[in-house]
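S.K.: Quick one: structure below, then a few questions.
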Amino acid sequence: MLTLKMKQKLIAILLEDLGKKDVTSILLKPVICEAKIFANEDAVVAGLEEAKFLFNYCGVKAKGDVKDGQRVRKGSVVMHLHGVNRKIFEVERTVLNIIIRMSSVASTCAKAKKIAGKRVTVALTRKTMPGFNIFDKKAGKIAGVWPHRLNLNEFVLLKDTHLPFFESAFGAVVVARKKHGKKMKVEIEVETFEQAFDAAKAKPDVIMLDNFSSKQAKSAVKKLRSVFKGQIELSGGINLKNLDKFANARPDIISMGCLTYAIKGKDFNMKIWAH
């Protein structure tokens, strides 16, 4: 379900594209039309809820032929539209861009989840499209992956760039606990075995092993399990090609920036005709 914040963002995105008015569509004689949005390749669809909201906002009736999260084949109709041609054209590009982006993220996330199987939770990172973060995260969730932090306020994540400002990895976790207590989740990112075991003494909720090779990760996870009862996360340099190797290390979580920043856009288009 779309929140008020999401609806406001969608309207702002639409108005950015529309400007003061569509100077091309006003040349057209207003005619009631039918239109369809097609998938031009196989995909896991996402963004239909957003599309329906924007079309309805502009007075166009929109009905999804499939649901967000559903797999579709090339040539499938994903949405039917009914309304004035001018209004349909005003929204067309914005809606297609949203469906393309969200379906691309969802499709890539679905592939990752399939590769990882039930062995590990696949997660997104904050390497999302600026201004579109909330929808990138939603697309990932639709595909069954964990969205991780939506923003900097959700939980503490002590990254490697933070650690030089503390005495040690252990000290960083201690400071976080002292400030936020046990109600706030605390995760720490480490780059060495030594940092990992040092951080484990302070009992964070999650230890993230960053940029470990799959072989190093497997060894570190096994050793950490004997002294650390929290969750272990792997991140850094993990993609669809090597995901299986990292999943074999048996961490609890694998976060992958490539699920949002290195995706290939899925192709969708719209066809319209007079009623």
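We name chains A, B, ... following the order of the structure tokens; residues begin at 1 in each chain, and ligands are numbered from 1 as shown.
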Hey, what's within 6 Å of Phe268 (chain A) if we count only C-alpha atoms and toss same-chain stuff fewer than 4 positions away? As a ChimeraX atom specification, please?

M.R.: /A:38-40

S.K.: For the residues in the current selection, export C-alpha atoms as a PDB file, in the first residue's frame.

M.R.:
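Output file out17.pdb is given in full below:
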ATOM      1  CA  PHE A  38       3.196  -4.265 -22.498  1.00  0.00           C
ATOM      2  CA  ALA A  39       6.260  -6.089 -21.219  1.00  0.00           C
ATOM      3  CA  ASN A  40       8.701  -6.403 -24.102  1.00  0.00           C
TER       4      ASN A  40
END

S.K.: Give me, as a ChimeraX atom specification, the residues of region 113-256 of chain A that a backbone DSSP run labels strand (DSSP E).

M.R.: /A:121-123,156-158,186-190,206-210,231-235,253-255

S.K.: Keeping N, CA and C atoms, export the residues of the selection given above as a short mmCIF file (atom, residue, chain, number, x, y, z; two decimals), in the first residue's frame.

M.R.:
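Listed below is the output, part-v4.cif:
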data_model
loop_
_atom_site.label_atom_id
_atom_site.label_comp_id
_atom_site.auth_asym_id
_atom_site.auth_seq_id
_atom_site.Cartn_x
_atom_site.Cartn_y
_atom_site.Cartn_z
N THR A 121 19.76 -14.80 3.72
CA THR A 121 18.89 -13.68 3.38
C THR A 121 19.65 -12.71 2.48
N VAL A 122 19.11 -12.45 1.31
CA VAL A 122 19.71 -11.47 0.40
C VAL A 122 19.17 -10.10 0.76
N ALA A 123 20.03 -9.10 0.78
CA ALA A 123 19.63 -7.76 1.19
C ALA A 123 20.11 -6.69 0.22
N VAL A 156 21.75 1.59 13.72
CA VAL A 156 23.16 2.00 13.67
C VAL A 156 23.93 1.05 12.76
N LEU A 157 24.68 1.61 11.82
CA LEU A 157 25.59 0.82 11.00
C LEU A 157 26.95 1.52 11.03
N LEU A 158 27.83 0.99 11.83
CA LEU A 158 29.18 1.53 11.97
C LEU A 158 30.03 1.01 10.81
N VAL A 186 22.32 -2.54 16.37
CA VAL A 186 23.68 -2.07 16.09
C VAL A 186 24.41 -3.08 15.20
N GLU A 187 24.87 -2.60 14.06
CA GLU A 187 25.65 -3.42 13.14
C GLU A 187 27.00 -2.74 12.93
N ILE A 188 28.04 -3.53 12.75
CA ILE A 188 29.37 -2.98 12.51
C ILE A 188 30.01 -3.66 11.30
N GLU A 189 30.63 -2.85 10.46
CA GLU A 189 31.31 -3.34 9.27
C GLU A 189 32.81 -3.44 9.57
N VAL A 190 33.39 -4.60 9.30
CA VAL A 190 34.81 -4.81 9.56
C VAL A 190 35.50 -5.32 8.29
N VAL A 206 24.78 -7.38 14.56
CA VAL A 206 25.27 -7.90 13.29
C VAL A 206 26.73 -7.49 13.09
N ILE A 207 27.54 -8.42 12.60
CA ILE A 207 28.89 -8.10 12.16
C ILE A 207 28.92 -8.30 10.64
N MET A 208 29.28 -7.25 9.93
CA MET A 208 29.37 -7.32 8.48
C MET A 208 30.84 -7.49 8.07
N LEU A 209 31.13 -8.56 7.36
CA LEU A 209 32.47 -8.80 6.83
C LEU A 209 32.52 -8.19 5.44
N ASP A 210 33.28 -7.12 5.31
CA ASP A 210 33.27 -6.35 4.06
C ASP A 210 34.49 -6.66 3.19
N GLN A 231 24.09 -12.03 14.20
CA GLN A 231 24.06 -12.37 12.77
C GLN A 231 25.36 -11.93 12.08
N ILE A 232 25.71 -12.68 11.05
CA ILE A 232 26.90 -12.37 10.26
C ILE A 232 26.48 -12.03 8.84
N GLU A 233 26.96 -10.91 8.37
CA GLU A 233 26.60 -10.42 7.04
C GLU A 233 27.85 -10.32 6.17
N LEU A 234 27.72 -10.66 4.91
CA LEU A 234 28.80 -10.48 3.94
C LEU A 234 28.41 -9.39 2.96
N SER A 235 29.38 -8.58 2.56
CA SER A 235 29.11 -7.52 1.59
C SER A 235 30.41 -7.14 0.89
N ILE A 253 23.27 -13.15 6.25
CA ILE A 253 22.83 -12.12 5.30
C ILE A 253 23.93 -11.87 4.27
N ILE A 254 23.53 -11.62 3.04
CA ILE A 254 24.44 -11.12 2.01
C ILE A 254 23.82 -9.87 1.41
N SER A 255 24.48 -8.73 1.57
CA SER A 255 23.96 -7.49 0.99
C SER A 255 24.71 -7.19 -0.30
#

S.K.: List every residue of region 10-96 of chain A that DSSP, applied to the backbone of this structure, places in helix (DSSP H, G or I), and write the result as number ranges by chain.

M.R.: A: 10-18, 25-27, 48-57, 85-96

S.K.: Filtering to N, CA and C atoms, could you give me those residues as an mmCIF file, in the first residue's frame?

M.R.:
data_model
loop_
_atom_site.group_PDB
_atom_site.id
_atom_site.type_symbol
_atom_site.label_atom_id
_atom_site.label_comp_id
_atom_site.auth_asym_id
_atom_site.auth_seq_id
_atom_site.Cartn_x
_atom_site.Cartn_y
_atom_site.Cartn_z
ATOM 1 N N LEU A 10 5.545 10.561 -5.718
ATOM 2 C CA LEU A 10 5.108 10.219 -7.070
ATOM 3 C C LEU A 10 4.556 11.440 -7.798
ATOM 4 N N ILE A 11 3.753 12.224 -7.110
ATOM 5 C CA ILE A 11 3.194 13.433 -7.717
ATOM 6 C C ILE A 11 4.318 14.407 -8.084
ATOM 7 N N ALA A 12 5.301 14.538 -7.202
ATOM 8 C CA ALA A 12 6.435 15.431 -7.468
ATOM 9 C C ALA A 12 7.220 14.966 -8.688
ATOM 10 N N ILE A 13 7.394 13.645 -8.831
ATOM 11 C CA ILE A 13 8.098 13.087 -9.993
ATOM 12 C C ILE A 13 7.323 13.396 -11.273
ATOM 13 N N LEU A 14 6.009 13.220 -11.206
ATOM 14 C CA LEU A 14 5.164 13.508 -12.365
ATOM 15 C C LEU A 14 5.231 14.983 -12.751
ATOM 16 N N LEU A 15 5.100 15.858 -11.773
ATOM 17 C CA LEU A 15 5.092 17.292 -12.053
ATOM 18 C C LEU A 15 6.440 17.767 -12.591
ATOM 19 N N GLU A 16 7.502 17.114 -12.171
ATOM 20 C CA GLU A 16 8.831 17.461 -12.690
ATOM 21 C C GLU A 16 8.894 17.216 -14.192
ATOM 22 N N ASP A 17 8.296 16.109 -14.644
ATOM 23 C CA ASP A 17 8.293 15.784 -16.068
ATOM 24 C C ASP A 17 7.282 16.639 -16.836
ATOM 25 N N LEU A 18 6.160 16.938 -16.210
ATOM 26 C CA LEU A 18 5.095 17.678 -16.882
ATOM 27 C C LEU A 18 5.443 19.153 -17.078
ATOM 28 N N SER A 25 0.684 17.597 -26.283
ATOM 29 C CA SER A 25 -0.623 16.950 -26.187
ATOM 30 C C SER A 25 -1.797 17.915 -26.300
ATOM 31 N N ILE A 26 -1.584 19.199 -25.966
ATOM 32 C CA ILE A 26 -2.683 20.167 -26.097
ATOM 33 C C ILE A 26 -3.015 20.446 -27.561
ATOM 34 N N LEU A 27 -2.158 19.986 -28.478
ATOM 35 C CA LEU A 27 -2.441 20.125 -29.905
ATOM 36 C C LEU A 27 -3.480 19.110 -30.372
ATOM 37 N N LEU A 48 3.335 -1.326 -10.576
ATOM 38 C CA LEU A 48 1.971 -1.187 -11.093
ATOM 39 C C LEU A 48 1.083 -0.400 -10.122
ATOM 40 N N GLU A 49 1.309 -0.559 -8.833
ATOM 41 C CA GLU A 49 0.532 0.202 -7.859
ATOM 42 C C GLU A 49 0.814 1.696 -8.024
ATOM 43 N N GLU A 50 2.071 2.024 -8.241
ATOM 44 C CA GLU A 50 2.466 3.408 -8.452
ATOM 45 C C GLU A 50 1.870 3.944 -9.752
ATOM 46 N N ALA A 51 1.887 3.119 -10.792
ATOM 47 C CA ALA A 51 1.335 3.518 -12.083
ATOM 48 C C ALA A 51 -0.161 3.796 -11.984
ATOM 49 N N LYS A 52 -0.876 2.907 -11.326
ATOM 50 C CA LYS A 52 -2.321 3.080 -11.169
ATOM 51 C C LYS A 52 -2.634 4.370 -10.419
ATOM 52 N N PHE A 53 -1.861 4.645 -9.365
ATOM 53 C CA PHE A 53 -2.092 5.877 -8.602
ATOM 54 C C PHE A 53 -1.927 7.117 -9.473
ATOM 55 N N LEU A 54 -0.865 7.165 -10.267
ATOM 56 C CA LEU A 54 -0.600 8.349 -11.078
ATOM 57 C C LEU A 54 -1.636 8.514 -12.189
ATOM 58 N N PHE A 55 -2.018 7.425 -12.832
ATOM 59 C CA PHE A 55 -3.060 7.534 -13.862
ATOM 60 C C PHE A 55 -4.373 8.008 -13.236
ATOM 61 N N ASN A 56 -4.762 7.417 -12.122
ATOM 62 C CA ASN A 56 -5.991 7.833 -11.448
ATOM 63 C C ASN A 56 -5.920 9.286 -11.008
ATOM 64 N N TYR A 57 -4.757 9.710 -10.553
ATOM 65 C CA TYR A 57 -4.544 11.096 -10.120
ATOM 66 C C TYR A 57 -4.838 12.078 -11.257
ATOM 67 N N ASN A 85 -7.062 11.056 -24.304
ATOM 68 C CA ASN A 85 -5.715 10.897 -24.860
ATOM 69 C C ASN A 85 -4.702 11.858 -24.247
ATOM 70 N N ARG A 86 -5.077 13.112 -24.075
ATOM 71 C CA ARG A 86 -4.157 14.105 -23.520
ATOM 72 C C ARG A 86 -3.649 13.685 -22.143
ATOM 73 N N LYS A 87 -4.562 13.215 -21.314
ATOM 74 C CA LYS A 87 -4.210 12.830 -19.950
ATOM 75 C C LYS A 87 -3.305 11.597 -19.934
ATOM 76 N N ILE A 88 -3.600 10.657 -20.817
ATOM 77 C CA ILE A 88 -2.774 9.452 -20.891
ATOM 78 C C ILE A 88 -1.343 9.812 -21.276
ATOM 79 N N PHE A 89 -1.199 10.687 -22.266
ATOM 80 C CA PHE A 89 0.129 11.085 -22.716
ATOM 81 C C PHE A 89 0.896 11.878 -21.658
ATOM 82 N N GLU A 90 0.173 12.622 -20.834
ATOM 83 C CA GLU A 90 0.833 13.397 -19.785
ATOM 84 C C GLU A 90 1.540 12.499 -18.770
ATOM 85 N N VAL A 91 0.978 11.336 -18.545
ATOM 86 C CA VAL A 91 1.491 10.429 -17.510
ATOM 87 C C VAL A 91 2.380 9.327 -18.076
ATOM 88 N N GLU A 92 2.240 9.036 -19.353
ATOM 89 C CA GLU A 92 2.866 7.871 -19.974
ATOM 90 C C GLU A 92 4.342 7.686 -19.618
ATOM 91 N N ARG A 93 5.170 8.680 -19.903
ATOM 92 C CA ARG A 93 6.611 8.493 -19.735
ATOM 93 C C ARG A 93 7.000 8.291 -18.275
ATOM 94 N N THR A 94 6.392 9.066 -17.391
ATOM 95 C CA THR A 94 6.696 8.929 -15.966
ATOM 96 C C THR A 94 6.357 7.530 -15.475
ATOM 97 N N VAL A 95 5.187 7.051 -15.847
ATOM 98 C CA VAL A 95 4.749 5.720 -15.417
ATOM 99 C C VAL A 95 5.651 4.633 -15.984
ATOM 100 N N LEU A 96 5.983 4.729 -17.270
ATOM 101 C CA LEU A 96 6.851 3.713 -17.864
ATOM 102 C C LEU A 96 8.225 3.703 -17.197
#

S.K.: Can you work out which one of A:Lys127, A:Lys21, A:Lys178, A:Ala199 has the shortest atom-to-atom distance to Arg149 (chain A), counting only C-alpha atoms?

M.R.: A:Lys127

S.K.: Looking at only C-alpha atoms, which of A:Ile238, A:Ala274, A:Val60, A:Ile115 is the one that sits closest to Asn211 (chain A)?

M.R.: A:Ile238
